[in-house]
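Participant: Okay, handing you the structure first.
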Amino acid sequence: MTTGIRNARNVSRYLFGTGSLSNLPAILNVHRSSASHRVIIFIDHYFQTHTLSDDFNVITPADQIIYVDTTHEPTTSLMNSMRDRVLTESAELPCAIVGIGGGITMDVAKAVSNLLSNGGDAEDYQGWDLVRVPGIFKVALPTISGTGAESTRTCVMTNTASGLKLGMNSDFTVFDQIILDPDLTRTVPRDQYFFTGMDAFIHCMESLNGSYRNAIGDAYSSQTMQLCRDVFFGDDMMSDENRAKLMVASYLGGCAIATSYVGVLHPFSAALSVVLGLHHGVANCITMRAMEEFYPEGYSEFYRMAERQGVSIPEGVCRNLTDDQYERLYSATIIHEKPLTNALGEDFKDILTPWKVRELFLRI
Ligand code: NAD
Ligand code: ZN
């Protein structure tokens, strides 16, 4: 089956390499003008109390730093409130938006950039190709690797009122510039590094096992999985070399997902996030426990990699839930029609009956 995505958009420019963060001031200065000199920098709250890098010296008096609390995954309300903070501080629209952090912080930067130039609220743009005009020039510096948020055309958020977890899928959501500096991932806790890193492996495992395929997406996916194997079967997944490799894997994995679809695992994982509030990376790894029948090879590799790196995966999070919670888990899984069709065909509901879905959740 063809993906229906024909004219793919990639990140306009990227810089890669240790120390490449030092290029940020020059990149921003090109965009500062008499019309607007102001840059907004969203940074993961971890860096409120920890140094990002001695090279981080981009701030002018016109700029605004906003720390993003990443304790919970973003909601539409959070996106709207971040936009309001930008607008309350000054009437002058910024000339650039920078996101420094993981998937959450990069997604906040993408959403606010789109909202500032399109008007309206975040919930108005959840879906496909609803953003009307380009956002404000946006730059990402990932500080943890795996989601591919630096290279995808979406920014994920949960609608506060409806509970719908869906991004602003649009060419205008793609970053204009990314800076991939492997130095920035040095401080990530080991478990978190594994959980988020596995997102790249899992995206590509699902794409390559699906039926919506295209040759370029497949090439990105194969290379991403190979890089992940190098990293997670290596002696130390967080060595300088492996952190650089995982940063490349994350970027390529994001490019892969831009032209393909995930499969069975992500819908289950999304349901765990929506119903139980689990974070994306760890929710994926937890879900893997129920995926052997769908992805036998990926399942086996995954556990060997976790064992090699001494990472333990939480267990039993879905035992002893109420009937209402199991029903909500089923609804939040089955809503993801496109990936489930990709993995199981159009009759996926005949395979994933409510009873079967409950049985799979109980297994994890
Ligand atoms: P995250 O943003 O959820 O952050 C995870 C944790 O890592 C946080 O506690 C953060 O403080 C910490 N952290 C980040 N960098 C660090 C560093 N250098 N040192 C120490 N701690 C650090 O991380 P994530 O897993 O990259 O992102 C998950 C989010 O990404 C979810 O909201 C998910 O929905 C979204 N996502 C988006 C896309 C997309 O295409 N836009 C794709 C997949 C997932
Ligand atoms: Zn994912």
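Chains: A, B, ... in order of the structure tokens. Residues: from 1 per chain. Ligands: from 1, in order shown.
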Counting only C-alpha atoms, what is within 6 Å of region 331-343 of chain A, bar same-chain residues fewer than 2 positions away, as a list in words?

Facilitator: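 Selected residues are Gly210, Ser211, Tyr212, Tyr261, Val262, Gly263, Val264, Pro267, Phe268, Ala271, Arg328, Leu329, Gly345 and Glu346 of chain A.
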
Participant: Taking a cut-off of 7 Å and counting only C-alpha atoms and all ligand atoms, can you build a table that, for each residue of chain A near ligand 1, reports the nearest atom pair and how far apart they are in Å (one decimal), sorted by chain then residue number, as a tab-separated table?

Facilitator:
```
residue	atom	partner	partner_atom_place_in_ligand_line	distance
A:Asp44	CA	ligand 1	11 (O)	5.7
A:His45	CA	ligand 1	11 (O)	6.1
A:Tyr46	CA	ligand 1	11 (O)	4.7
A:Thr70	CA	ligand 1	8 (C)	5.4
A:Thr71	CA	ligand 1	9 (O)	6.2
A:Glu73	CA	ligand 1	32 (O)	4.5
A:Pro74	CA	ligand 1	32 (O)	6.0
A:Gly101	CA	ligand 1	15 (N)	5.1
A:Gly102	CA	ligand 1	2 (O)	3.5
A:Gly103	CA	ligand 1	27 (O)	3.2
A:Ile104	CA	ligand 1	2 (O)	3.8
A:Thr105	CA	ligand 1	2 (O)	5.6
A:Asp107	CA	ligand 1	41 (N)	5.5
A:Thr143	CA	ligand 1	18 (N)	4.3
A:Ile144	CA	ligand 1	15 (N)	4.6
A:Ser145	CA	ligand 1	26 (O)	6.2
A:Gly146	CA	ligand 1	26 (O)	6.2
A:Thr147	CA	ligand 1	43 (C)	4.1
A:Gly148	CA	ligand 1	42 (C)	5.6
A:Ala149	CA	ligand 1	39 (C)	3.7
A:Thr152	CA	ligand 1	40 (O)	4.7
A:Arg153	CA	ligand 1	40 (O)	6.5
A:Thr154	CA	ligand 1	41 (N)	4.8
A:Cys155	CA	ligand 1	41 (N)	3.9
A:Val156	CA	ligand 1	34 (O)	5.0
A:Met157	CA	ligand 1	34 (O)	6.6
A:Leu184	CA	ligand 1	18 (N)	5.3
A:Thr185	CA	ligand 1	18 (N)	4.2
A:Arg186	CA	ligand 1	18 (N)	6.1
A:Thr187	CA	ligand 1	19 (N)	4.0
A:Val188	CA	ligand 1	19 (N)	3.7
A:Pro189	CA	ligand 1	20 (C)	6.1
A:Gln192	CA	ligand 1	7 (O)	6.2
A:Thr196	CA	ligand 1	25 (O)	4.4
A:Gly254	CA	ligand 1	40 (O)	6.6
A:His279	CA	ligand 1	31 (C)	6.5
A:His280	CA	ligand 1	31 (C)	5.2
A:Gly281	CA	ligand 1	25 (O)	5.2
```

Participant: Which one is closest to ligand 2: A:Ala306, A:Ile202, A:Leu321, A:Ala256? Count only C-alpha atoms and all ligand atoms.

Facilitator: A:Ile202

Participant: For each of A:Ile313, A:Cys204, A:Val174, A:Leu278, take the minimum atom-to-atom distance to ligand 2, counting only C-alpha atoms and all ligand atoms, then give the residue where this is smallest.

Facilitator: A:Cys204

Participant: DSSP on the backbone, then: every residue of region 35-95 of chain A marked strand (DSSP E or B), written as a list in words.

Facilitator: Val39, Ile40, Ile41, Phe42, Ile43, Asp44, Gln64, Ile65, Ile66, Tyr67, Val68 and Thr75 of chain A

Participant: Could you write out that same residue set with all heavy atoms as a short mmCIF file (atom, residue, chain, number, x, y, z; two decimals), in the first residue's frame?

Facilitator:
```
data_model
loop_
_atom_site.label_atom_id
_atom_site.label_comp_id
_atom_site.auth_asym_id
_atom_site.auth_seq_id
_atom_site.Cartn_x
_atom_site.Cartn_y
_atom_site.Cartn_z
N VAL A 39 14.22 36.91 20.52
CA VAL A 39 14.24 35.45 20.36
C VAL A 39 13.65 34.83 21.63
O VAL A 39 13.96 35.26 22.74
CB VAL A 39 15.70 34.95 20.16
CG1 VAL A 39 15.76 33.43 20.18
CG2 VAL A 39 16.28 35.49 18.86
N ILE A 40 12.81 33.82 21.44
CA ILE A 40 12.24 33.09 22.59
C ILE A 40 12.95 31.74 22.66
O ILE A 40 13.02 31.01 21.66
CB ILE A 40 10.73 32.82 22.40
CG1 ILE A 40 9.98 34.10 22.04
CG2 ILE A 40 10.14 32.15 23.65
CD1 ILE A 40 10.01 35.17 23.07
N ILE A 41 13.46 31.42 23.84
CA ILE A 41 14.17 30.14 23.99
C ILE A 41 13.45 29.29 25.02
O ILE A 41 13.40 29.62 26.21
CB ILE A 41 15.63 30.40 24.42
CG1 ILE A 41 16.30 31.30 23.38
CG2 ILE A 41 16.40 29.08 24.54
CD1 ILE A 41 17.64 31.82 23.80
N PHE A 42 12.85 28.19 24.54
CA PHE A 42 12.24 27.23 25.45
C PHE A 42 13.31 26.21 25.85
O PHE A 42 13.96 25.64 24.95
CB PHE A 42 11.08 26.49 24.77
CG PHE A 42 9.88 27.36 24.52
CD1 PHE A 42 9.59 27.84 23.25
CD2 PHE A 42 9.04 27.72 25.57
CE1 PHE A 42 8.49 28.65 23.02
CE2 PHE A 42 7.93 28.53 25.35
CZ PHE A 42 7.65 29.00 24.08
N ILE A 43 13.49 26.01 27.14
CA ILE A 43 14.52 25.05 27.60
C ILE A 43 13.90 24.11 28.63
O ILE A 43 13.13 24.56 29.52
CB ILE A 43 15.72 25.76 28.27
CG1 ILE A 43 16.27 26.88 27.38
CG2 ILE A 43 16.84 24.77 28.56
CD1 ILE A 43 17.55 27.51 27.91
N ASP A 44 14.26 22.84 28.53
CA ASP A 44 13.81 21.85 29.52
C ASP A 44 14.19 22.33 30.93
O ASP A 44 15.31 22.80 31.15
CB ASP A 44 14.48 20.51 29.22
CG ASP A 44 13.95 19.39 30.10
OD1 ASP A 44 14.17 19.42 31.34
OD2 ASP A 44 13.32 18.48 29.56
N GLN A 64 13.89 36.13 25.64
CA GLN A 64 13.13 35.60 26.78
C GLN A 64 13.42 34.10 26.87
O GLN A 64 13.24 33.37 25.89
CB GLN A 64 11.64 35.84 26.51
CG GLN A 64 10.71 35.45 27.63
CD GLN A 64 9.24 35.73 27.26
OE1 GLN A 64 8.92 36.21 26.17
NE2 GLN A 64 8.34 35.40 28.16
N ILE A 65 13.83 33.67 28.06
CA ILE A 65 14.01 32.23 28.29
C ILE A 65 12.78 31.73 29.04
O ILE A 65 12.36 32.33 30.03
CB ILE A 65 15.27 31.95 29.13
CG1 ILE A 65 16.52 32.21 28.28
CG2 ILE A 65 15.27 30.53 29.65
CD1 ILE A 65 17.80 31.70 28.87
N ILE A 66 12.20 30.64 28.54
CA ILE A 66 11.05 30.05 29.24
C ILE A 66 11.39 28.58 29.52
O ILE A 66 11.64 27.80 28.60
CB ILE A 66 9.76 30.13 28.38
CG1 ILE A 66 9.44 31.60 28.05
CG2 ILE A 66 8.60 29.46 29.09
CD1 ILE A 66 8.21 31.80 27.18
N TYR A 67 11.43 28.23 30.81
CA TYR A 67 11.73 26.84 31.17
C TYR A 67 10.45 26.00 31.04
O TYR A 67 9.38 26.44 31.45
CB TYR A 67 12.29 26.76 32.59
CG TYR A 67 13.68 27.34 32.66
CD1 TYR A 67 13.90 28.61 33.16
CD2 TYR A 67 14.77 26.61 32.16
CE1 TYR A 67 15.18 29.16 33.18
CE2 TYR A 67 16.05 27.14 32.17
CZ TYR A 67 16.25 28.41 32.68
OH TYR A 67 17.51 28.94 32.68
N VAL A 68 10.60 24.83 30.44
CA VAL A 68 9.44 23.96 30.21
C VAL A 68 9.48 22.83 31.24
O VAL A 68 10.45 22.06 31.28
CB VAL A 68 9.46 23.38 28.78
CG1 VAL A 68 8.28 22.44 28.56
CG2 VAL A 68 9.47 24.50 27.74
N THR A 75 -0.13 19.29 27.05
CA THR A 75 -1.55 19.37 26.71
C THR A 75 -1.75 20.59 25.82
O THR A 75 -0.86 21.45 25.72
CB THR A 75 -2.40 19.57 27.98
OG1 THR A 75 -1.95 20.78 28.61
CG2 THR A 75 -2.26 18.41 28.94
#
```

Participant: List the neighbours of Arg289 (chain A) out to 10 Å using only C-alpha atoms; skip same-chain residues closer than 6 positions along the sequence, and give me the result as a PyMOL selection string.

Facilitator: chain A and resi 265+299+302-303+313-316+360-361+363-364

Participant: List the neighbours of Asn242 (chain A) out to 9 Å using only C-alpha atoms; skip same-chain residues closer than 2 positions along the sequence, and give me the result as an mmCIF file with C-alpha atoms, in the first residue's frame.

Facilitator:
```cif
data_model
loop_
_atom_site.group_PDB
_atom_site.id
_atom_site.type_symbol
_atom_site.label_atom_id
_atom_site.label_comp_id
_atom_site.auth_asym_id
_atom_site.auth_seq_id
_atom_site.Cartn_x
_atom_site.Cartn_y
_atom_site.Cartn_z
ATOM 1 C CA LEU A 227 22.595 2.523 14.398
ATOM 2 C CA CYS A 228 20.423 1.586 17.389
ATOM 3 C CA ASP A 230 25.393 -0.503 17.303
ATOM 4 C CA VAL A 231 24.557 1.699 20.289
ATOM 5 C CA PHE A 232 22.548 -0.687 22.455
ATOM 6 C CA GLY A 234 27.751 -1.831 22.428
ATOM 7 C CA ASP A 236 28.435 1.511 26.848
ATOM 8 C CA MET A 237 25.387 2.989 25.144
ATOM 9 C CA MET A 238 26.393 6.423 26.480
ATOM 10 C CA SER A 239 30.003 6.584 25.255
ATOM 11 C CA ASP A 240 30.838 9.722 23.228
ATOM 12 C CA ALA A 244 26.653 10.771 18.567
ATOM 13 C CA LYS A 245 25.311 7.662 16.774
ATOM 14 C CA LEU A 246 22.028 7.760 18.653
ATOM 15 C CA MET A 247 21.589 11.416 17.765
#
```

Participant: Would you mind telling me which residue in A:Asn320, A:Ser250, A:Ser53, A:Thr353 lies nearest to ligand 2 when using only C-alpha atoms and all ligand atoms?

Facilitator: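 Going through A:Asn320, A:Ser250, A:Ser53, A:Thr353 one by one, the smallest distance to ligand 2 is for A:Ser250.
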
Participant: Please identify the alpha helix (DSSP H) residues within region 80-270 of chain A (assignment by DSSP from backbone atoms) and present them as a PyMOL selection string.

Facilitator: chain A and resi 80-89+103-118+190-208+215-232+240-258+265-270

Participant: Out of A:Ile136, A:Ala122, A:Met305, A:Val30, which residue has the shortest atom-to-atom distance to Phe233 (chain A) when counting only C-alpha atoms?

Facilitator: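 Of A:Ile136, A:Ala122, A:Met305, A:Val30, the one nearest Phe233 (chain A) is A:Met305, counting only C-alpha atoms.
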
Participant: Hey, which of A:Phe294, A:Tyr330, A:Phe195, A:Tyr125 ends up closest to ligand 2? Count only C-alpha atoms and all ligand atoms.

Facilitator: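 Using only C-alpha atoms and all ligand atoms, the shortest distance to ligand 2 belongs to A:Phe195.
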
Participant: Write out as a list in words which residues come within 7 Å of Gly135 (chain A) when counting only C-alpha atoms, dropping same-chain ones fewer than 5 positions away.

Facilitator: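 That gives Ser113, Asn114, Ser117 and Phe172 of chain A.
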
Participant: Store the residues picked out above, limited to C-alpha atoms, as an mmCIF file, in the first residue's frame.

Facilitator:
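File written: again-v8.cif
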```cif
data_model
loop_
_atom_site.group_PDB
_atom_site.id
_atom_site.type_symbol
_atom_site.label_atom_id
_atom_site.label_comp_id
_atom_site.auth_asym_id
_atom_site.auth_seq_id
_atom_site.Cartn_x
_atom_site.Cartn_y
_atom_site.Cartn_z
ATOM 1 C CA SER A 113 5.821 28.984 16.551
ATOM 2 C CA ASN A 114 2.720 27.873 14.613
ATOM 3 C CA SER A 117 1.673 33.238 13.233
ATOM 4 C CA PHE A 172 4.839 24.154 8.696
#
```

Participant: Please compute the CA of Leu344 (chain A)-CA of Phe201 (chain A) distance, one decimal, in Å.

Facilitator: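 Atom-to-atom, CA of Leu344 (chain A) and CA of Phe201 (chain A) are spaced 19.7 Å apart.
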
Participant: Of the candidates A:Arg304, A:Gly217, A:Thr224, A:Asp199, which one gets nearest to ligand 2 if we count only C-alpha atoms and all ligand atoms?

Facilitator: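 Counting only C-alpha atoms and all ligand atoms, the residue closest to ligand 2 is A:Asp199.
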
Participant: Excluding Ala215 (chain A) and any residue of its chain fewer than 5 positions from it, enumerate the residues within 10 Å of it, using only C-alpha atoms, and give them as a compact mmCIF listing (two decimals) with C-alpha atoms, in the first residue's frame.

Facilitator:
```
# COMPACT_ATOMS: atom_id res chain seq x y z
CA TYR A 220 15.86 5.66 6.66
CA SER A 221 14.29 2.99 8.90
CA THR A 259 6.87 9.26 5.24
```

Participant: Near Phe16 (chain A), within 8 Å and counting only C-alpha atoms, which residues show up once chain neighbours fewer than 4 positions away are dropped, as a list in words?

Facilitator: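 The residues satisfying every condition are Ser20, Ile179, Leu180 and Asp181 of chain A.
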